[in-house]
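Inspection log for the structure reproduced underneath, given as structure tokens.
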Amino acid sequence: MINYRISFVVVALSIFAVFLLAACSDDDSSSSGESAVSGSNTLQTIIDRGVLKCGVNDNLTGFGVVNSAGQFEGFDIDFCKAVAAAILGDASKVEYVPLTASARFEALAANEIDLLIRNTTWTASRDRDLGNDFTAPTFYDGQGMMVKAASGYDSIESMSGTTICVLQGTTTELNLDDRFTSSGIPYTPLTFETNDPLQAAYEEGRCDGWTTDKSGLASKRAGFSNPNDHVVLAETLSKEPLGPLTRDNDSEFYDVVQWVVFGMMQAEESGITSSNVSAMASSPSDPGMARLLGVGFDGGEPSDFSFGISVDFMQDVISQVGNYGEVYDRHLVPLGLTREGSLNALWTEGGLIYAPPFR
Amino acid sequence: MRLYKELNSKNTIADKLLFIRYDRSVRKLLIQVVFSTFILIFFWYLISRALNLELGYAHLTSRSGFGISHTFLSDYTSNQSRWDAYIVGVVNTIRVSLVGIFLATFLGVLMGIARLSKNFLVKSIATGYVEFLRNTPLLIQIIFWQLVFLQFPQISKAWTFGGVSLWSNRGILLPLIKSDENGSLLAFILLISFILVLLLRSYLNKYKEERTNFISPNLICVSIFGTVLLATYFLLNINLSLDTPKLEVNKYGTYIPSGGFTMTPEFLAILVALVMYTGTFITEIVRGSIQSLPKGQTEAAQALGFSPYQRITLIILPQALRSIIPPLTNQYLNLTKNSSLSVAIAYPDVFMVSRTIMNNAGYALPMLFLILVTFLILSLIISLVMNLVNNRVTRIGT
């Protein structure tokens, strides 16, 4: 006769033992802590997975927004597509993960996304403390303040004693405080997690001003029913260089992202667009163009910089997404953000868009 | 198979083993020992993994650099440390939780009794309230109330009710009693005398039955308290004034409300949403425990000529309290934890401040652990108080 109690104990024992063995064996592999001390190979993960996971904004027209057809589109979105085109050969193989400003760094650190392109400012603390690596900025922005035209405010000094709406977890929150308290101007911040209740509060007059990057202000202002009721003050409160970022200790993937961005800038400088890239690839006009497009010049060998992806990745990028100028014109010019005379012009035209040589 | 009664001698190994298998108490002990060993191994494993994590809190001493919109009883500025910012967040959470608990209990008891009313209108209002607000998500309700409070007029056209208070979409300002420096002495004396008078009252109530000709203890206590109040006020020459809210316009045309006591739309929205939502659950708890009482209690009270108010306060509710208190504690804890949803509408509770610190300095895991410990302490305090109340109420023959 079987003693059911003993057999129960034996079965429970064995389940526990299996569980313990499985858990103990996980101890040897690297745990996902706050900062990946051991290096991770995101590039290989993406190639194996076959899709790029990109953290994006879904609520900022021009940079990252869901259009009426349910597709993500925007300036940052196009850079996600470019990286996917470079690594996987297909710009559509991207999984977009919309993130709020306060959740974006946690998602990147926790491996939920491979790449974060979400109008994120490059700062020292985000580079080191939060364990990220920033590529060269794709958009040089500054912080601005938007007020109602009827209020008559024309400078930061005139906004003494006002209430100002700001997003939580952004550099704008800290810059706002720096600017106001260093000048001794009293104010009250109202910190929201997402833009929708913030916009409602601003429109109802709960707060007198709305502060965020000037590009964001232009985007939101264009979306109001009457944009002329709102005015963006002339003063720029801070530098806000926006760009893509990856995790620390992820050099292979970081280099790929970095040089895709540089490649798009160089393509605009060299005059390569999505319409003429195939013609340029079949007969490049100079060795520099040949190296950029991964073809041989004058019958020579194509240059391979050992990125770990196909040699002609820039051809995929430019033909499927376009060069830097095309991406900018497609998304940011409709918002009224012109390039002439701004920091976002090419270096040959007085701006800061400068790509190191493809050599 | 040998029968157990033949196993008198435990000389051979086989005998010993069979003894372990067949003796009931030994078997129970063996199973408990084995099971507890595995529980201990499991917890040791968890703790050793947890100790591997770095819990650094040094970043909390550095300058915070961000402002907070609701600083209650503190003069927090962005120059202070992150730890001070965290304390401001904790105070905000406690503030909204305490006020919410009181109001939700009041509303819940009222609505619970209303649901059992024979008046059709009262009953349907209570039923509609419960069924509608219980079944919609709390976050939606919070955002709804925020939009409602934003519909108040702009600050430049605020409603002033006889100049006493100010209502606008920047908040509701109510007058406050202010005093000069002797005011804290007055408050202190009032507090001490209030506690002493309560003790006196319970003493007098204990011996109420033995005295044949007595003045009501309540009357004695109120008159003592009133005398102390007036004596202190006149003897100490305390100047009390009413601090009414005023609207000033600075040179740039900004309307700045000052004075009085401010309740911002964010605080009101989260408070009202939490109170209405938790009130529905408390309503159902109260209704359920009243219904669980034997109907004979109500009938006997009616037969004895109690008025409905006396019936509820003297007969029904004291007995129903026994089964109300434990689920009520649950709802209080739920309210406290639900207050962390306020991040959606810019009310800076502890979760929102921690999130900002996490975004600025990293160290997500230590901050989350700190929030965990904070909520644990708050919840333990609430359950401790409620357990004391429960013990008092379930004492036979209170």
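By convention here, the chains of the structure tokens are called A, B, ... in the order presented, each chain's residues are numbered starting at 1, and ligands are numbered starting at 1 in the order presented.
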
Residues of chain A that have any atom at most 6 Å from an atom of chain B: could you tabulate them with the shortest-distance atom pair and the distance in Å to one decimal, using only C-alpha atoms, ordered by chain and increasing number, as CSV?
residue,atom,partner,partner_atom,distance
A:Asp129,CA,B:Gly362,CA,5.9
A:Leu130,CA,B:Gly362,CA,5.0
A:Ser158,CA,B:Tyr252,CA,5.7
A:Gly169,CA,B:Thr356,CA,5.1
A:Leu174,CA,B:Phe66,CA,5.2
A:Asp177,CA,B:Phe66,CA,5.8
A:Thr188,CA,B:Ser69,CA,5.6
A:Pro189,CA,B:Ser69,CA,5.4
A:Leu190,CA,B:Ser69,CA,5.8
A:Thr191,CA,B:Ala346,CA,5.0
A:Phe192,CA,B:Ala346,CA,4.6
A:Glu193,CA,B:Ala344,CA,5.5
A:Arg206,CA,B:Arg170,CA,5.7

Pick out the residues sitting within 10 Å of A:Pro241, and hand them over as a compact mmCIF listing (two decimals) with C-alpha atoms, in the first residue's frame; count only C-alpha atoms, and ignore anything fewer than 5 positions along from it in its own chain.
# COMPACT_ATOMS: atom_id res chain seq x y z
CA ASN A 119 14.13 63.56 -28.41
CA THR A 120 16.46 62.91 -25.47
CA THR A 121 18.96 65.53 -24.36
CA TRP A 122 22.61 64.51 -23.98
CA THR A 123 23.79 65.39 -20.47
CA ALA A 136 26.35 62.69 -32.00
CA PRO A 137 23.22 64.84 -31.76
CA THR A 138 20.82 64.69 -34.66
CA PHE A 139 19.04 67.88 -33.61
CA TYR A 140 20.46 70.84 -31.73
CA ASP A 141 17.66 72.38 -29.76
CA GLY A 142 17.17 74.78 -26.90
CA ASP A 213 12.33 72.15 -26.06

Neighbour list for stretch 270-285 of chain B as a CSV table (one decimal) with N, CA and C atoms, in the first residue's frame, cut-off 6 Å, only C-alpha atoms, skip fewer than 5 positions in-chain:
chain,number,residue,atom,x,y,z
B,100,GLY,N,-8.4,61.7,3.0
B,100,GLY,CA,-9.2,60.8,2.2
B,100,GLY,C,-9.8,59.7,3.1
B,104,ALA,N,-13.7,59.4,3.2
B,104,ALA,CA,-14.3,58.2,2.6
B,104,ALA,C,-15.1,57.4,3.6
B,107,LEU,N,-18.4,59.3,4.1
B,107,LEU,CA,-19.3,59.1,2.9
B,107,LEU,C,-19.8,57.6,2.8
B,108,GLY,N,-18.9,56.7,3.1
B,108,GLY,CA,-19.2,55.3,3.0
B,108,GLY,C,-20.3,54.9,3.9
B,109,VAL,N,-20.2,55.3,5.2
B,109,VAL,CA,-21.2,54.9,6.2
B,109,VAL,C,-22.6,55.6,5.8
B,111,MET,N,-23.6,56.4,2.8
B,111,MET,CA,-24.2,55.8,1.7
B,111,MET,C,-24.6,54.4,2.0
B,112,GLY,N,-23.9,53.7,2.9
B,112,GLY,CA,-24.3,52.3,3.2
B,112,GLY,C,-25.6,52.3,3.9
B,130,VAL,N,-22.9,53.8,-6.1
B,130,VAL,CA,-22.0,52.6,-5.9
B,130,VAL,C,-21.7,51.9,-7.2
B,133,LEU,N,-19.5,54.2,-9.8
B,133,LEU,CA,-18.1,54.5,-9.4
B,133,LEU,C,-17.3,53.4,-9.1
B,134,ARG,N,-17.9,52.2,-8.7
B,134,ARG,CA,-17.1,51.1,-8.3
B,134,ARG,C,-16.5,50.4,-9.6
B,141,GLN,N,-11.2,58.3,-13.3
B,141,GLN,CA,-11.9,59.2,-12.4
B,141,GLN,C,-11.0,60.3,-12.0
B,142,ILE,N,-9.8,60.0,-11.7
B,142,ILE,CA,-8.9,61.1,-11.3
B,142,ILE,C,-8.7,62.2,-12.4

Legend entry - Residue contacts of A:Val327 (8 Å, only C-alpha atoms) excluding same-chain residues fewer than 5 positions away, as a ChimeraX atom specification: /A:75,78,321-322

Export, as a short mmCIF file (atom, residue, chain, number, x, y, z; two decimals), in the first residue's frame, the selected residues with N, CA and C atoms.
data_model
loop_
_atom_site.label_atom_id
_atom_site.label_comp_id
_atom_site.auth_asym_id
_atom_site.auth_seq_id
_atom_site.Cartn_x
_atom_site.Cartn_y
_atom_site.Cartn_z
N PHE A 75 10.75 62.47 -37.21
CA PHE A 75 12.19 62.64 -37.39
C PHE A 75 12.95 61.52 -36.69
N ASP A 78 12.44 58.07 -38.25
CA ASP A 78 13.22 57.79 -39.46
C ASP A 78 14.62 57.30 -39.12
N VAL A 321 15.34 55.34 -46.55
CA VAL A 321 14.97 56.41 -45.62
C VAL A 321 15.33 57.78 -46.19
N GLY A 322 16.55 57.91 -46.70
CA GLY A 322 16.96 59.20 -47.24
C GLY A 322 18.15 59.74 -46.49
#

Legend entry - Close residues, stretch 297-303 of chain B itself excluded, 9 Å, only C-alpha atoms, min 6 positions apart in chain, as JSON, numbers by chain: {"B": [310, 311, 312, 315, 316]}

Inset, instruction - Using only C-alpha atoms, pick whichever of A:Phe313, A:Trp210, A:Phe79, A:Phe105 has the shortest atom-to-atom distance to A:Leu167. - result: A:Trp210

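Those residues that approach stretch 373-380 of chain B to within 7 Å, counting only C-alpha atoms, are B:Leu333, B:Phe369, B:Leu384; same-chain residues fewer than 4 positions away are not listed.
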
Keeping only N, CA and C atoms, write the selected residues as a PDB file, in the first residue's frame.
ATOM      1  N   LEU B 333      -5.939  50.911   3.421  1.00  0.00           N
ATOM      2  CA  LEU B 333      -4.637  50.623   2.811  1.00  0.00           C
ATOM      3  C   LEU B 333      -4.706  50.806   1.302  1.00  0.00           C
ATOM      4  N   PHE B 369      13.084  50.466  -3.640  1.00  0.00           N
ATOM      5  CA  PHE B 369      13.103  49.804  -2.350  1.00  0.00           C
ATOM      6  C   PHE B 369      12.690  50.775  -1.250  1.00  0.00           C
ATOM      7  N   LEU B 384      -2.066  48.992  12.435  1.00  0.00           N
ATOM      8  CA  LEU B 384      -1.899  48.911  13.890  1.00  0.00           C
ATOM      9  C   LEU B 384      -3.024  49.664  14.585  1.00  0.00           C
TER      10      LEU B 384
END

Inset, instruction - Write out as a VMD selection string each polymer residue whose atoms come within 10 Å of A:Arg339, counting only C-alpha atoms; drop sequence neighbours fewer than 5 positions from it. - result: chain A and resid 325 328 to 329 332 to 333 344 to 346 349 351

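Separating atom CA of A:Leu198 from atom CA of A:Cys165 is a distance of 6.5 Å.
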
Inset, instruction - Can you list, as a ChimeraX atom specification, all residues belonging to stretch 70-187 of chain B that DSSP tags as helix (DSSP H, G or I)? - result: /B:82-115,120-134,138-150,155-157,183-187

Inset, instruction - Take atom CA of A:Thr236 and atom CA of A:Met145 and report the distance between them in Å, one decimal. - result: 8.1 Å

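We find atom CA of B:Pro326 and atom CA of B:Ala114 to be spaced 21.6 Å apart.
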